[in-house]
Amino acid sequence: MAPQGLLPSRMALRGMLLGLLMVSCFTFCSSHQNSKEFALTNPEKSTTKETERKTKAKEELDTKVLEVFHPTHEWQALQPGQAVPAGSHVRLNLQTGAREVKLQYGDKIQNNLKESKKGKRLDINTNAYTSQDLKSALAKLKKGAEMESSEEDKARQAEVKQLFRPIEELKKDFAELNVVIETDVQIMVRLINKFNSSSSSLEEKIAALFDLEYYVHQMDNAQDLLSFGGLQVVINALNSTEPLVKEYAAFVLGAAFSSNPKVQVEAIEGGALQKLLVILATKQPLATKKKVLFALCSLLRHFPYAQQQFLKLGGLQVLRSLVQEKGTEVLAVRVVTLLYDLITEKMFAEEEAELTRETSPEKLQQYRQVHLLPGLREQGWCAITASLLALPEHDAREKVLQTLGTLLATCQDHYRQDAQLSRTLASLQAEYQALAALELQDGEEEGYFQELLGSINSLLQGLR
């Protein structure tokens, strides 16, 4: 039997052991609870686990057999896990949130799943294939296309080499051909020398003038022709005894005079106007007079000083004789057109000076010294112009009607006494009324014959 003094000590020892056990249990429970509560505080471990999970899921997806989705020409919903053939058109429906698919290139979609000629062909009629099969097929398809493209390029390069010469040879040939490169001025100098040479034949002189006309259309070239004396050479050619030389010389001058004031001034000083009028006043071939009249028109237009000299030299008498010659109806229409242009040019210059005050006083004064309308009335152009209204061509009648309208104020008394003019206008009025009615039936509200009819009605109104 144990002594009584040992009982209290054993009881104390057991109490201490029991207390230590309770403390240990409490500490273990607290640490286990904290570890669960703060499990997201380590981002590196969490990211690593998530990446491993996705990689594992992707590997599992690659090994799975995907269901084949066969698209049509209509939009259809695509279910998760379904494979889409290459070349299909896929979209996200923003209203439903579902992915939809349809055919994009029609029947060509099957060809997109073919491998190259050397590889195998996938069976697209099976109900399932893996994503790895799709990747392999697309890779081989791309490789095959590159090989075919390379072969086609080689064949095309070989064909091009057979059809065309190397660029080095072409450069060498061009260098040999263009040993001497001539400017426009040098070419014109050469042409003038060829024309002015006593050893040149008539054909060579005509060819030189013909080529020269091409260059002097440009304003700068025409002024360059003046600078080295070529213009005066051509003007002197108007005195030639050969009608062809006169014709082509006038052709060159008409091109050089056109809208080129500097050349026009030099031509007047060089005696071109007198020579042109002499040719028109003498017996010459019709072709020669056409070109000379062209040169005269180019010289007079927009050049009031030349118009003054034209009137002083009896230009209206020369044109009147030209128009009254037999077989010169073509020239008569051109002369009437020239007179109409000169009359309206002066009218517009005076109106512009009054409205804008931009016309130079010197030029306006020159226009006011051109007394064209009184000269036309004195020279009998009222009757001459009215007689040309009997020409059968509509274009000729149009130009004559325009000129008659500009001369109405000057020739009104004469027109009212001209019974033939009244009968002609009445006949043309009936003719163009019928033609204008046909235009209206065709839906033309402002046709050509309606304009002519309007000009005739205006003239008749002015003669009442």
# chains A, B, ... in the order shown; residues from 1 in each chain; ligands from 1
>>> residues_around(residues="A:Phe228", least_positions_apart="4", cutoff="12 Å", atoms="only C-alpha atoms", output="PyMOL selection string")
chain A and resi 185-186+188-190+192-193+221-224+232-233
>>> select_by_dssp(residues="stretch 100-324 of chain A", states="helix (DSSP H, G or I)", output="MDAnalysis selection string")
chainID A and resid 106:109 111:113 131:163 167:177 184:196 202:215 219:227 230:239 243:257 261:269 272:281 286:300 304:312 315:324
>>> closest_residue(among="A:Met22, A:Leu212, A:Glu352, A:Arg320", to="A:Leu364", atoms="only C-alpha atoms")
A:Glu352
>>> residues_around(residues="stretch 389-394 of chain A", least_positions_apart="6", cutoff="8 Å", atoms="only C-alpha atoms", output="JSON, numbers by chain")
{"A": [400, 401, 424]}
>>> atom_distance(atom1="atom CA of A:Leu331", atom2="atom CA of A:Ser259")
21.9 Å
>>> residues_around(residues="A:Ala272", least_positions_apart="4", cutoff="9 Å", atoms="only C-alpha atoms", output="VMD selection string")
chain A and resid 232 235 to 236 238 253 266 to 268 276 to 277 296 299
>>> atom_distance(atom1="atom CA of A:Val333", atom2="atom CA of A:Arg397")
8.8 Å
>>> residues_around(residues="A:Gly454", least_positions_apart="5", cutoff="12 Å", atoms="only C-alpha atoms", output="ChimeraX atom specification")
/A:398,401-402,405,425,428-429,432-433,436,446-449,459-461
